[in-house]
file upload-v9.csv (CSV, C-alpha atoms and all ligand atoms)
chain,number,residue,atom,x,y,z
A,1,MET,CA,167.6,-16.2,-68.3
A,2,VAL,CA,170.9,-17.0,-66.7
A,3,GLY,CA,172.9,-13.8,-66.2
A,4,TYR,CA,176.4,-15.1,-67.1
A,5,PHE,CA,178.0,-11.7,-66.3
A,6,ASP,CA,176.2,-11.3,-63.0
A,7,ASP,CA,178.7,-10.9,-60.3
A,8,GLY,CA,178.0,-13.3,-57.5
A,9,ASN,CA,179.6,-10.8,-55.2
A,10,SER,CA,177.6,-7.8,-56.2
A,11,GLY,CA,175.8,-8.0,-52.9
A,12,SER,CA,179.1,-8.7,-51.2
A,13,SER,CA,178.8,-8.7,-47.5
A,14,ILE,CA,182.5,-8.6,-46.8
A,15,ILE,CA,184.7,-6.6,-49.2
A,16,ARG,CA,183.5,-3.1,-49.9
A,17,ASP,CA,186.5,-1.8,-51.8
A,18,GLU,CA,189.0,-4.4,-52.9
A,19,LYS,CA,191.6,-2.0,-54.3
A,20,ILE,CA,192.4,-0.8,-50.8
A,21,LEU,CA,193.7,-4.3,-50.1
A,22,LEU,CA,195.9,-4.6,-53.2
A,23,PRO,CA,199.7,-4.4,-52.9
A,24,ASP,CA,200.0,-1.3,-55.1
A,25,TYR,CA,197.4,0.8,-53.3
A,26,LEU,CA,198.8,4.0,-51.8
A,27,PRO,CA,196.9,4.8,-48.6
A,28,ASP,CA,195.6,8.3,-47.9
A,29,GLU,CA,197.0,8.0,-44.4
A,30,LEU,CA,200.1,6.3,-43.1
A,31,ILE,CA,200.5,5.3,-39.5
A,32,GLN,CA,203.5,4.1,-37.5
A,33,ARG,CA,206.0,5.9,-39.6
A,34,ASP,CA,205.9,9.5,-38.6
A,35,HIS,CA,209.6,9.6,-37.6
A,36,GLU,CA,210.7,8.1,-40.9
A,37,LEU,CA,208.4,10.3,-43.0
A,38,GLN,CA,209.7,13.4,-41.3
A,39,TYR,CA,213.3,12.3,-41.7
A,40,ILE,CA,212.9,11.7,-45.4
A,41,ALA,CA,211.1,15.0,-45.8
A,42,ASP,CA,213.9,16.8,-44.0
A,43,CYS,CA,216.4,15.3,-46.4
A,44,ILE,CA,214.5,16.5,-49.4
A,45,LYS,CA,213.6,19.9,-48.1
A,46,PRO,CA,216.8,21.8,-49.1
A,47,LEU,CA,216.0,20.9,-52.8
A,48,LEU,CA,212.9,23.1,-52.5
A,49,GLY,CA,215.2,26.1,-51.8
A,50,LYS,CA,217.6,25.0,-54.6
A,51,ARG,CA,220.1,23.9,-52.1
A,52,MET,CA,221.9,20.6,-52.0
A,53,PRO,CA,219.7,17.9,-50.5
A,54,GLN,CA,220.8,15.0,-48.3
A,55,ASN,CA,220.9,12.0,-50.5
A,56,LEU,CA,219.4,9.1,-48.7
A,57,PHE,CA,219.6,5.3,-48.8
A,58,ILE,CA,216.7,3.5,-47.2
A,59,HIS,CA,216.9,-0.1,-46.4
A,60,GLY,CA,214.9,-2.6,-44.4
A,61,SER,CA,213.2,-5.9,-45.0
A,62,SER,CA,210.3,-6.4,-47.4
A,63,GLY,CA,207.0,-5.0,-46.4
A,64,THR,CA,208.2,-2.5,-43.9
A,65,GLY,CA,206.7,0.5,-45.8
A,66,LYS,CA,209.8,1.9,-47.6
A,67,THR,CA,208.1,2.3,-51.0
A,68,THR,CA,204.9,3.5,-49.6
A,69,CYS,CA,206.4,6.2,-47.4
A,70,VAL,CA,208.5,7.6,-50.3
A,71,ARG,CA,205.6,7.5,-52.7
A,72,TYR,CA,203.4,9.1,-50.1
A,73,LEU,CA,205.9,12.0,-49.7
A,74,ILE,CA,206.2,12.4,-53.5
A,75,ARG,CA,202.5,12.8,-53.7
A,76,GLN,CA,202.5,15.4,-51.0
A,77,LEU,CA,205.4,17.2,-52.6
A,78,SER,CA,203.8,17.3,-56.0
A,79,GLU,CA,200.6,18.8,-54.4
A,80,GLN,CA,202.6,21.5,-52.6
A,81,SER,CA,205.2,22.6,-55.1
A,82,SER,CA,206.2,22.3,-58.7
A,83,SER,CA,209.7,23.6,-58.1
A,84,ILE,CA,211.1,20.0,-58.0
A,85,LEU,CA,210.5,17.2,-60.5
A,86,PRO,CA,210.1,14.0,-58.6
A,87,VAL,CA,210.7,10.9,-60.6
A,88,TYR,CA,210.0,7.5,-59.1
A,89,VAL,CA,211.7,4.5,-60.8
A,90,ASN,CA,211.3,0.9,-59.9
A,91,CYS,CA,214.7,-0.5,-61.0
A,92,TRP,CA,213.4,-4.1,-61.3
A,93,GLU,CA,211.2,-2.8,-64.1
A,94,ASN,CA,213.7,-0.3,-65.4
A,95,PRO,CA,217.2,-1.7,-64.7
A,96,THR,CA,219.2,0.0,-67.4
A,97,GLN,CA,220.6,3.5,-67.7
A,98,LEU,CA,218.5,4.1,-70.8
A,99,ALA,CA,215.3,2.9,-69.1
A,100,ILE,CA,215.9,5.2,-66.1
A,101,TYR,CA,216.7,8.2,-68.3
A,102,ASN,CA,213.5,7.5,-70.3
A,103,LYS,CA,211.5,7.5,-67.1
A,104,ILE,CA,212.9,10.9,-66.3
A,105,VAL,CA,212.1,12.2,-69.7
A,106,GLU,CA,208.5,10.8,-69.4
A,107,GLU,CA,208.1,12.8,-66.2
A,108,MET,CA,209.5,15.9,-67.8
A,109,ARG,CA,206.7,15.7,-70.4
A,110,LEU,CA,208.8,17.2,-73.1
A,111,PRO,CA,208.4,16.0,-76.6
A,112,LEU,CA,211.7,14.2,-77.3
A,113,PRO,CA,212.4,11.8,-80.0
A,114,ARG,CA,213.1,8.8,-77.8
A,115,ARG,CA,214.0,6.4,-80.4
A,116,GLY,CA,217.5,6.5,-81.8
A,117,LEU,CA,218.9,8.7,-79.0
A,118,ALA,CA,221.8,7.2,-77.1
A,119,ALA,CA,221.8,7.3,-73.3
A,120,ASP,CA,224.3,10.2,-73.1
A,121,GLU,CA,222.3,12.2,-75.5
A,122,ILE,CA,219.1,11.8,-73.5
A,123,PHE,CA,221.1,12.7,-70.4
A,124,ASP,CA,222.2,16.0,-72.1
A,125,LYS,CA,218.5,16.8,-72.7
A,126,ILE,CA,217.7,16.1,-69.1
A,127,MET,CA,220.4,18.5,-68.0
A,128,GLN,CA,219.1,21.0,-70.4
A,129,PHE,CA,215.7,20.7,-68.8
A,130,VAL,CA,217.1,21.2,-65.3
A,131,LYS,CA,218.9,24.3,-66.5
A,132,ASN,CA,216.1,25.9,-68.5
A,133,TYR,CA,213.4,25.3,-66.0
A,134,LYS,CA,215.6,25.6,-63.0
A,135,LYS,CA,214.0,22.5,-61.7
A,136,PRO,CA,216.2,19.9,-59.9
A,137,ILE,CA,215.1,16.3,-60.1
A,138,LEU,CA,214.4,14.2,-57.1
A,139,LEU,CA,215.2,10.7,-58.4
A,140,VAL,CA,213.9,7.8,-56.4
A,141,LEU,CA,215.6,4.5,-57.3
A,142,ASP,CA,213.4,1.9,-55.7
A,143,GLU,CA,214.8,-1.7,-55.6
A,144,MET,CA,218.1,-0.1,-56.4
A,145,ASP,CA,219.9,-3.4,-56.2
A,146,ALA,CA,218.5,-4.2,-59.6
A,147,ILE,CA,220.3,-1.4,-61.4
A,148,ARG,CA,222.4,-3.0,-64.0
A,149,HIS,CA,225.1,-0.4,-64.4
A,150,GLU,CA,226.5,1.7,-61.6
A,151,GLU,CA,227.6,4.1,-64.4
A,152,LEU,CA,224.2,5.9,-64.0
A,153,LEU,CA,225.1,6.8,-60.4
A,154,TYR,CA,228.4,8.0,-61.4
A,155,VAL,CA,227.1,10.2,-64.2
A,156,ILE,CA,224.5,11.7,-61.8
A,157,SER,CA,227.0,12.4,-59.1
A,158,ARG,CA,229.2,14.1,-61.6
A,159,SER,CA,226.4,16.2,-62.9
A,160,ASN,CA,225.9,17.8,-59.5
A,161,GLU,CA,229.4,19.2,-59.6
A,162,LYS,CA,228.3,21.6,-62.4
A,163,MET,CA,225.0,22.6,-61.0
A,164,LEU,CA,222.4,21.3,-58.6
A,165,ALA,CA,220.6,18.8,-60.7
A,166,PHE,CA,219.7,15.7,-58.7
A,167,GLY,CA,218.7,14.6,-55.2
A,168,ILE,CA,218.7,10.8,-54.9
A,169,ILE,CA,216.7,8.5,-52.7
A,170,GLY,CA,217.8,4.9,-53.1
A,171,ILE,CA,215.7,2.1,-51.6
A,172,SER,CA,216.6,-1.6,-51.2
A,173,ASN,CA,215.9,-4.6,-49.0
A,174,ASN,CA,219.6,-5.2,-49.2
A,175,LYS,CA,221.4,-3.4,-46.4
A,176,SER,CA,224.8,-4.0,-47.7
A,177,LEU,CA,224.2,-2.5,-51.1
A,178,LEU,CA,225.7,0.8,-50.3
A,179,SER,CA,229.0,-0.6,-49.1
A,180,LYS,CA,229.3,-2.4,-52.4
A,181,LEU,CA,229.1,0.7,-54.5
A,182,ASP,CA,232.2,2.0,-56.1
A,183,GLN,CA,234.2,4.3,-53.8
A,184,ARG,CA,234.0,7.2,-56.2
A,185,ILE,CA,230.3,7.1,-56.3
A,186,ARG,CA,230.0,6.8,-52.5
A,187,SER,CA,232.2,9.7,-51.7
A,188,SER,CA,230.5,11.8,-54.3
A,189,LEU,CA,226.9,11.1,-53.4
A,190,ARG,CA,227.4,10.9,-49.7
A,191,PHE,CA,224.3,9.0,-48.8
A,192,SER,CA,222.9,9.1,-45.3
A,193,GLU,CA,221.2,5.8,-44.3
A,194,MET,CA,218.0,5.0,-42.7
A,195,GLU,CA,216.7,1.6,-41.7
A,196,PHE,CA,213.0,0.7,-41.7
A,197,GLN,CA,212.5,-1.7,-38.8
A,198,ALA,CA,210.2,-4.7,-39.1
A,199,TYR,CA,206.7,-4.0,-37.6
A,200,SER,CA,205.8,-5.4,-34.3
A,201,GLU,CA,202.5,-7.4,-33.9
A,202,GLU,CA,200.8,-4.3,-32.4
A,203,GLN,CA,201.9,-2.1,-35.2
A,204,LEU,CA,200.7,-4.6,-37.8
A,205,SER,CA,197.4,-4.9,-36.0
A,206,SER,CA,196.8,-1.1,-36.2
A,207,ILE,CA,197.8,-1.0,-39.9
A,208,LEU,CA,195.4,-3.9,-40.5
A,209,ARG,CA,192.7,-2.2,-38.6
A,210,LEU,CA,192.9,1.0,-40.6
A,211,ARG,CA,192.9,-1.0,-43.9
A,212,ALA,CA,190.1,-3.2,-42.8
A,213,GLU,CA,187.9,-0.3,-41.7
A,214,ARG,CA,188.2,1.2,-45.2
A,215,ALA,CA,188.1,-1.9,-47.3
A,216,LEU,CA,185.7,-4.2,-45.5
A,217,GLU,CA,182.1,-4.1,-44.1
A,218,PRO,CA,182.2,-3.1,-40.4
A,219,ALA,CA,180.6,-6.3,-39.2
A,220,SER,CA,182.8,-8.6,-41.3
A,221,PHE,CA,185.9,-8.6,-39.1
A,222,ASP,CA,186.9,-8.3,-35.4
A,223,GLU,CA,190.0,-7.5,-33.4
A,224,LYS,CA,190.7,-11.1,-32.7
A,225,LEU,CA,191.0,-11.8,-36.3
A,226,LEU,CA,193.3,-8.9,-37.0
A,227,LEU,CA,195.6,-9.8,-34.1
A,228,LYS,CA,195.7,-13.4,-35.3
A,229,ILE,CA,196.7,-12.3,-38.7
A,230,ALA,CA,199.4,-10.0,-37.3
A,231,ARG,CA,200.7,-12.9,-35.2
A,232,SER,CA,200.8,-15.2,-38.2
A,233,VAL,CA,203.3,-12.9,-40.0
A,234,GLU,CA,206.9,-14.0,-39.2
A,235,ASP,CA,208.9,-11.1,-40.5
A,236,GLY,CA,207.1,-8.0,-39.6
A,237,SER,CA,205.9,-7.4,-43.1
A,238,ALA,CA,202.8,-5.2,-43.6
A,239,ARG,CA,202.6,-6.5,-47.1
A,240,VAL,CA,202.2,-10.1,-46.0
A,241,ALA,CA,199.7,-9.0,-43.2
A,242,ILE,CA,197.5,-7.1,-45.6
A,243,GLU,CA,197.7,-9.8,-48.2
A,244,ARG,CA,196.5,-12.3,-45.7
A,245,LEU,CA,193.6,-10.2,-44.7
A,246,TRP,CA,192.6,-9.8,-48.3
A,247,LYS,CA,192.9,-13.6,-49.0
A,248,ALA,CA,191.0,-14.5,-45.8
A,249,ALA,CA,188.3,-12.0,-46.8
A,250,LYS,CA,188.1,-13.6,-50.3
A,251,ASN,CA,188.0,-17.0,-48.8
A,252,ALA,CA,185.1,-16.0,-46.5
A,253,GLU,CA,183.3,-14.3,-49.4
A,254,HIS,CA,183.5,-17.3,-51.6
A,255,ALA,CA,181.9,-19.4,-48.9
A,256,SER,CA,179.1,-16.8,-48.8
A,257,LYS,CA,179.8,-15.9,-45.2
A,258,SER,CA,179.2,-12.5,-43.8
A,259,LYS,CA,182.1,-12.6,-41.4
A,260,ILE,CA,185.7,-13.6,-41.8
A,261,MET,CA,186.5,-16.4,-39.4
A,262,ILE,CA,189.8,-17.6,-38.0
A,263,GLN,CA,189.2,-20.7,-40.1
A,264,ASP,CA,189.5,-18.6,-43.2
A,265,LEU,CA,192.9,-17.4,-42.1
A,266,GLU,CA,193.9,-21.0,-41.3
A,267,ASP,CA,192.7,-22.1,-44.8
A,268,ILE,CA,195.0,-19.7,-46.5
A,269,LEU,CA,197.9,-20.3,-44.2
A,270,SER,CA,197.8,-24.0,-45.0
A,271,ASP,CA,197.8,-23.2,-48.7
A,272,THR,CA,200.8,-24.2,-50.9
A,273,SER,CA,204.3,-23.0,-50.4
A,274,ALA,CA,204.0,-21.4,-53.9
A,275,PHE,CA,201.7,-18.9,-52.2
A,276,LYS,CA,204.4,-18.2,-49.6
A,277,LYS,CA,206.9,-17.4,-52.2
A,278,GLN,CA,204.5,-15.1,-54.0
A,279,GLU,CA,204.2,-13.2,-50.7
A,280,LEU,CA,207.9,-12.7,-50.6
A,281,ASN,CA,207.8,-10.8,-53.9
A,282,LEU,CA,210.5,-12.7,-55.6
A,283,SER,CA,211.9,-11.5,-58.9
A,284,PRO,CA,212.1,-14.1,-61.8
A,285,GLU,CA,215.8,-14.2,-61.3
A,286,GLU,CA,215.5,-15.0,-57.6
A,287,SER,CA,212.9,-17.7,-58.3
A,288,PHE,CA,215.3,-19.2,-60.8
A,289,ILE,CA,218.1,-19.4,-58.3
A,290,LEU,CA,215.7,-21.2,-55.9
A,291,GLU,CA,214.8,-23.6,-58.8
A,292,LEU,CA,218.5,-24.3,-59.3
A,293,LEU,CA,219.1,-25.1,-55.7
A,294,LYS,CA,216.1,-27.4,-55.4
A,295,SER,CA,218.1,-30.3,-56.6
A,296,GLY,CA,220.8,-29.8,-54.1
A,297,GLU,CA,223.7,-27.6,-52.9
A,298,LEU,CA,225.8,-25.6,-55.4
A,299,GLY,CA,229.1,-23.9,-55.1
A,300,SER,CA,229.3,-20.3,-56.2
A,301,THR,CA,231.0,-21.0,-59.5
A,302,GLU,CA,228.5,-23.7,-60.5
A,303,LEU,CA,225.6,-21.4,-59.4
A,304,TYR,CA,227.0,-18.5,-61.5
A,305,THR,CA,227.5,-20.7,-64.5
A,306,LEU,CA,224.0,-22.2,-64.4
A,307,PHE,CA,222.4,-18.8,-63.8
A,308,SER,CA,224.3,-17.2,-66.7
A,309,LYS,CA,222.9,-19.8,-69.1
A,310,LYS,CA,219.5,-18.2,-68.6
A,311,TYR,CA,220.1,-14.6,-67.7
A,312,ASP,CA,222.7,-12.2,-68.9
A,313,LYS,CA,223.8,-10.5,-65.7
A,314,SER,CA,227.1,-9.4,-64.2
A,315,LYS,CA,228.6,-11.4,-61.4
A,316,ARG,CA,227.9,-8.6,-59.0
A,317,GLN,CA,224.3,-8.5,-60.0
A,318,ILE,CA,224.0,-12.3,-59.3
A,319,ARG,CA,225.5,-11.6,-55.9
A,320,TYR,CA,222.7,-9.2,-55.2
A,321,TYR,CA,220.0,-11.8,-55.9
A,322,ILE,CA,221.8,-14.2,-53.7
A,323,ASP,CA,222.1,-11.7,-50.9
A,324,SER,CA,218.5,-10.8,-51.2
A,325,LEU,CA,217.5,-14.5,-51.0
A,326,GLU,CA,219.7,-14.9,-47.9
A,327,GLN,CA,218.0,-11.9,-46.3
A,328,LYS,CA,214.6,-13.3,-47.0
A,329,LYS,CA,215.9,-16.5,-45.3
A,330,LEU,CA,215.2,-18.7,-48.3
A,331,ILE,CA,218.8,-19.8,-48.9
A,332,GLU,CA,221.9,-20.1,-46.7
A,333,SER,CA,225.6,-20.4,-47.5
A,334,ASN,CA,228.7,-21.8,-45.9
A,335,VAL,CA,232.2,-20.8,-46.6
A,336,VAL,CA,234.4,-23.8,-47.5
A,337,GLU,CA,238.1,-23.5,-47.4
A,338,SER,CA,239.9,-25.5,-50.0
A,339,GLY,CA,243.7,-25.1,-50.0
A,340,SER,CA,245.3,-22.3,-48.1
A,341,THR,CA,244.0,-19.1,-49.6
A,342,PHE,CA,241.1,-20.0,-51.9
A,343,LYS,CA,237.7,-19.7,-50.3
A,344,SER,CA,234.4,-20.6,-51.9
A,345,ARG,CA,230.8,-20.6,-50.8
A,346,ILE,CA,228.3,-23.3,-51.0
A,347,PHE,CA,224.6,-22.4,-51.3
A,348,LYS,CA,221.6,-24.4,-50.3
A,349,LEU,CA,217.9,-23.9,-49.7
A,350,MET,CA,217.0,-23.1,-46.1
A,351,ASP,CA,214.6,-25.4,-44.4
A,352,ARG,CA,211.2,-23.7,-44.1
A,353,LYS,CA,208.2,-24.7,-42.2
B,401,LIG,N1,202.9,2.5,-42.0
B,401,LIG,C1,202.0,2.0,-42.8
B,401,LIG,N2,200.7,2.4,-42.8
B,401,LIG,C2,199.8,1.9,-43.7
B,401,LIG,N3,200.1,0.9,-44.6
B,401,LIG,C3,201.4,0.5,-44.7
B,401,LIG,C4,202.4,1.0,-43.8
B,401,LIG,N4,203.6,0.4,-44.1
B,401,LIG,C5,203.3,-0.5,-45.1
B,401,LIG,N5,202.0,-0.4,-45.4
B,401,LIG,C6,201.4,-1.2,-46.5
B,401,LIG,O1,202.1,-2.5,-46.6
B,401,LIG,C7,202.4,-2.8,-47.9
B,401,LIG,C8,203.9,-3.0,-48.1
B,401,LIG,O2,204.5,-1.7,-48.0
B,401,LIG,P1,205.7,-1.3,-49.0
B,401,LIG,O3,205.9,0.1,-48.9
B,401,LIG,O4,205.5,-1.9,-50.3
B,401,LIG,O5,207.0,-2.1,-48.3
B,401,LIG,P2,208.5,-2.2,-48.8
B,401,LIG,O6,208.7,-1.2,-49.9
B,401,LIG,O7,209.3,-1.9,-47.6
B,401,LIG,O8,208.7,-3.6,-49.2
B,401,LIG,C9,201.8,-1.8,-48.8
B,401,LIG,O9,200.5,-2.3,-49.2
B,401,LIG,C10,201.6,-0.6,-47.9
B,401,LIG,O10,200.4,0.1,-48.2
B,402,MG,MG,209.3,-1.7,-51.9

call {"tool": "encode", "arguments": {"input": "upload-v9.csv", "output": "structure tokens", "more": "lines below"}}
Ligand SMILES: Nc1ncnc2c1ncn2[C@@H]1O[C@H](COP(=O)(O)OP(=O)(O)O)[C@@H](O)[C@H]1O
Ligand SMILES: [Mg+2]
result
Amino acid sequence: MVGYFDDGNSGSSIIRDEKILLPDYLPDELIQRDHELQYIADCIKPLLGKRMPQNLFIHGSSGTGKTTCVRYLIRQLSEQSSSILPVYVNCWENPTQLAIYNKIVEEMRLPLPRRGLAADEIFDKIMQFVKNYKKPILLVLDEMDAIRHEELLYVISRSNEKMLAFGIIGISNNKSLLSKLDQRIRSSLRFSEMEFQAYSEEQLSSILRLRAERALEPASFDEKLLLKIARSVEDGSARVAIERLWKAAKNAEHASKSKIMIQDLEDILSDTSAFKKQELNLSPEESFILELLKSGELGSTELYTLFSKKYDKSKRQIRYYIDSLEQKKLIESNVVESGSTFKSRIFKLMDRK
């Protein structure tokens, strides 16, 4: 009988544990980021003694380990102490004030009627929790540029005036995000800043090695391959590097090989540009902007108008998407001067290999 559910890979000779290569996997061990991890921990530490923590804004390009480092520390913190409530929120997934409050409530594990409560009512409950349990909240706002209303930050900064309720870690690929925040919020939250630098080829190789040792069969890869993958990554992103290792491993496995060859890497590198975009982790909004620019350059006003037909976002929000695409080097802009004072920008797709 044909076993339709038989997994052709059950005797896999390459991938031993695939989840270790997936983007959301949180490693047991991080390398190359000791300094950053210690700095973040030092910022949080005062919160353990119910003292004002140092709010922190972490920026750096995609794949430099920002999310991983913070999630790693949250895990360590939860194992060590229950005197803080850490709440991790991805703002792409939870962009509104209400969604973020609901995330906090979820972590509080208190039975609250979530439906029908307005945002400020939920916030009151959160403050009640902090007061009753004497537990400050460490709020991590990952992909902070996606937050739809700055109001949230304002409310949080105000709440700390009455009692110590929140420590905040904001994370974004967009370096200039902080300088765009309202002055009131900035002066009240007093973020310190830290940049995650792009990884060098050597650093990427060592990250790849650690991952490969855990996820792959020992004889299925070698140093040359890892170095080659590290070299193929243009922007120092560990995400791209690990994803390439994973895809190359799958490629080799599908061809029933027992070792990943350089050719497997080349096969996936020559794959479609859609694959490249996927690696850059674009939001639907960012992809939509790229779509719009495919047919040619657009001025800011035209771009805003076309974008707003599909998505209901503020102008500033649209600016964030544009900035993010510029940082990822997918689009570029030129200032054009028309008349004496009026300046406008023209956007176009950047030429990519
Ligand atoms: N120092 C590191 N050690 C091990 N793995 C890392 C390290 N830095 C990044 N990674 C891995 O690279 C990928 C991307 O990291 P991530 O934290 O998501 O980057 P960012 O949030 O800066 O875009 C993840 O799979 C993560 O596990
Ligand atoms: Mg991230």

call {"tool": "closest_residue", "arguments": {"input": "upload-v9.csv", "among": "A:Leu110, A:Ala118, A:Ile15, A:Val89", "to": "Ser256 of chain A", "atoms": "only C-alpha atoms"}}
result
A:Ile15

call {"tool": "residues_around", "arguments": {"input": "upload-v9.csv", "residues": "Cys69 of chain A", "least_positions_apart": "6", "cutoff": "12 Å", "atoms": "all atoms listed in the file", "output": "MDAnalysis selection string"}}
result
chainID A and resid 26:41 58 63 75:76 140 142 169 171 196

call {"tool": "residues_around", "arguments": {"input": "upload-v9.csv", "residues": "Leu117 of chain A", "least_positions_apart": "6", "cutoff": "12 Å", "atoms": "all atoms listed in the file", "output": "number ranges by chain"}}
result
A: 98, 101-102, 123-125

call {"tool": "closest_residue", "arguments": {"input": "upload-v9.csv", "among": "A:Ala219, A:Leu330, A:Leu141, A:Met261", "to": "ligand MG 402 (chain B)", "atoms": "all atoms listed in the file"}}
result
A:Leu141

call {"tool": "closest_atom_pairs", "arguments": {"input": "upload-v9.csv", "of": "chain A", "to": "ligand LIG 401 (chain B)", "cutoff": "10 Å", "atoms": "all atoms listed in the file", "output": "JSON lines"}}
result
{"residue": "A:Ile20", "atom": "CA", "partner": "B:LIG401", "partner_atom": "O9", "distance": 8.4}
{"residue": "A:Leu21", "atom": "CA", "partner": "B:LIG401", "partner_atom": "O9", "distance": 7.1}
{"residue": "A:Leu22", "atom": "CA", "partner": "B:LIG401", "partner_atom": "O9", "distance": 6.5}
{"residue": "A:Pro23", "atom": "CA", "partner": "B:LIG401", "partner_atom": "O9", "distance": 4.3}
{"residue": "A:Asp24", "atom": "CA", "partner": "B:LIG401", "partner_atom": "O9", "distance": 6.0}
{"residue": "A:Tyr25", "atom": "CA", "partner": "B:LIG401", "partner_atom": "O10", "distance": 6.0}
{"residue": "A:Leu26", "atom": "CA", "partner": "B:LIG401", "partner_atom": "O10", "distance": 5.5}
{"residue": "A:Pro27", "atom": "CA", "partner": "B:LIG401", "partner_atom": "O10", "distance": 5.9}
{"residue": "A:Asp28", "atom": "CA", "partner": "B:LIG401", "partner_atom": "C2", "distance": 8.7}
{"residue": "A:Glu29", "atom": "CA", "partner": "B:LIG401", "partner_atom": "C2", "distance": 6.7}
{"residue": "A:Leu30", "atom": "CA", "partner": "B:LIG401", "partner_atom": "N2", "distance": 4.0}
{"residue": "A:Ile31", "atom": "CA", "partner": "B:LIG401", "partner_atom": "N2", "distance": 4.4}
{"residue": "A:Gln32", "atom": "CA", "partner": "B:LIG401", "partner_atom": "N1", "distance": 4.8}
{"residue": "A:Arg33", "atom": "CA", "partner": "B:LIG401", "partner_atom": "N1", "distance": 5.2}
{"residue": "A:Asp34", "atom": "CA", "partner": "B:LIG401", "partner_atom": "N1", "distance": 8.3}
{"residue": "A:Glu36", "atom": "CA", "partner": "B:LIG401", "partner_atom": "N1", "distance": 9.7}
{"residue": "A:Leu37", "atom": "CA", "partner": "B:LIG401", "partner_atom": "N1", "distance": 9.6}
{"residue": "A:Ile58", "atom": "CA", "partner": "B:LIG401", "partner_atom": "O7", "distance": 9.2}
{"residue": "A:His59", "atom": "CA", "partner": "B:LIG401", "partner_atom": "O7", "distance": 7.9}
{"residue": "A:Gly60", "atom": "CA", "partner": "B:LIG401", "partner_atom": "O7", "distance": 6.5}
{"residue": "A:Ser61", "atom": "CA", "partner": "B:LIG401", "partner_atom": "O7", "distance": 6.2}
{"residue": "A:Ser62", "atom": "CA", "partner": "B:LIG401", "partner_atom": "O8", "distance": 3.7}
{"residue": "A:Gly63", "atom": "CA", "partner": "B:LIG401", "partner_atom": "O5", "distance": 3.5}
{"residue": "A:Thr64", "atom": "CA", "partner": "B:LIG401", "partner_atom": "O7", "distance": 3.9}
{"residue": "A:Gly65", "atom": "CA", "partner": "B:LIG401", "partner_atom": "O3", "distance": 3.2}
{"residue": "A:Lys66", "atom": "CA", "partner": "B:LIG401", "partner_atom": "O7", "distance": 3.8}
{"residue": "A:Thr67", "atom": "CA", "partner": "B:LIG401", "partner_atom": "O6", "distance": 3.7}
{"residue": "A:Thr68", "atom": "CA", "partner": "B:LIG401", "partner_atom": "O3", "distance": 3.6}
{"residue": "A:Cys69", "atom": "CA", "partner": "B:LIG401", "partner_atom": "O3", "distance": 6.3}
{"residue": "A:Val70", "atom": "CA", "partner": "B:LIG401", "partner_atom": "O3", "distance": 8.1}
{"residue": "A:Arg71", "atom": "CA", "partner": "B:LIG401", "partner_atom": "O3", "distance": 8.3}
{"residue": "A:Tyr72", "atom": "CA", "partner": "B:LIG401", "partner_atom": "O3", "distance": 9.4}
{"residue": "A:Asp142", "atom": "CA", "partner": "B:LIG401", "partner_atom": "O6", "distance": 8.1}
{"residue": "A:Glu143", "atom": "CA", "partner": "B:LIG401", "partner_atom": "O6", "distance": 8.4}
{"residue": "A:Ile171", "atom": "CA", "partner": "B:LIG401", "partner_atom": "O6", "distance": 7.9}
{"residue": "A:Ser172", "atom": "CA", "partner": "B:LIG401", "partner_atom": "O6", "distance": 8.0}
{"residue": "A:Asn173", "atom": "CA", "partner": "B:LIG401", "partner_atom": "O7", "distance": 7.3}
{"residue": "A:Phe196", "atom": "CA", "partner": "B:LIG401", "partner_atom": "O7", "distance": 7.4}
{"residue": "A:Gln197", "atom": "CA", "partner": "B:LIG401", "partner_atom": "O7", "distance": 9.4}
{"residue": "A:Ala198", "atom": "CA", "partner": "B:LIG401", "partner_atom": "O7", "distance": 9.0}
{"residue": "A:Tyr199", "atom": "CA", "partner": "B:LIG401", "partner_atom": "N4", "distance": 8.4}
{"residue": "A:Gln203", "atom": "CA", "partner": "B:LIG401", "partner_atom": "N1", "distance": 8.3}
{"residue": "A:Leu204", "atom": "CA", "partner": "B:LIG401", "partner_atom": "C1", "distance": 8.4}
{"residue": "A:Ser206", "atom": "CA", "partner": "B:LIG401", "partner_atom": "N2", "distance": 8.4}
{"residue": "A:Ile207", "atom": "CA", "partner": "B:LIG401", "partner_atom": "C2", "distance": 5.2}
{"residue": "A:Leu208", "atom": "CA", "partner": "B:LIG401", "partner_atom": "N3", "distance": 7.9}
{"residue": "A:Arg209", "atom": "CA", "partner": "B:LIG401", "partner_atom": "C2", "distance": 9.7}
{"residue": "A:Leu210", "atom": "CA", "partner": "B:LIG401", "partner_atom": "C2", "distance": 7.6}
{"residue": "A:Arg211", "atom": "CA", "partner": "B:LIG401", "partner_atom": "N3", "distance": 7.5}
{"residue": "A:Ser237", "atom": "CA", "partner": "B:LIG401", "partner_atom": "C8", "distance": 7.0}
{"residue": "A:Ala238", "atom": "CA", "partner": "B:LIG401", "partner_atom": "O1", "distance": 4.1}
{"residue": "A:Arg239", "atom": "CA", "partner": "B:LIG401", "partner_atom": "C7", "distance": 3.8}
{"residue": "A:Val240", "atom": "CA", "partner": "B:LIG401", "partner_atom": "C7", "distance": 7.5}
{"residue": "A:Ala241", "atom": "CA", "partner": "B:LIG401", "partner_atom": "O1", "distance": 7.7}
{"residue": "A:Ile242", "atom": "CA", "partner": "B:LIG401", "partner_atom": "O1", "distance": 6.6}
{"residue": "A:Glu243", "atom": "CA", "partner": "B:LIG401", "partner_atom": "O9", "distance": 8.1}
{"residue": "A:Leu280", "atom": "CA", "partner": "B:LIG401", "partner_atom": "O8", "distance": 9.2}
{"residue": "A:Asn281", "atom": "CA", "partner": "B:LIG401", "partner_atom": "O8", "distance": 8.6}
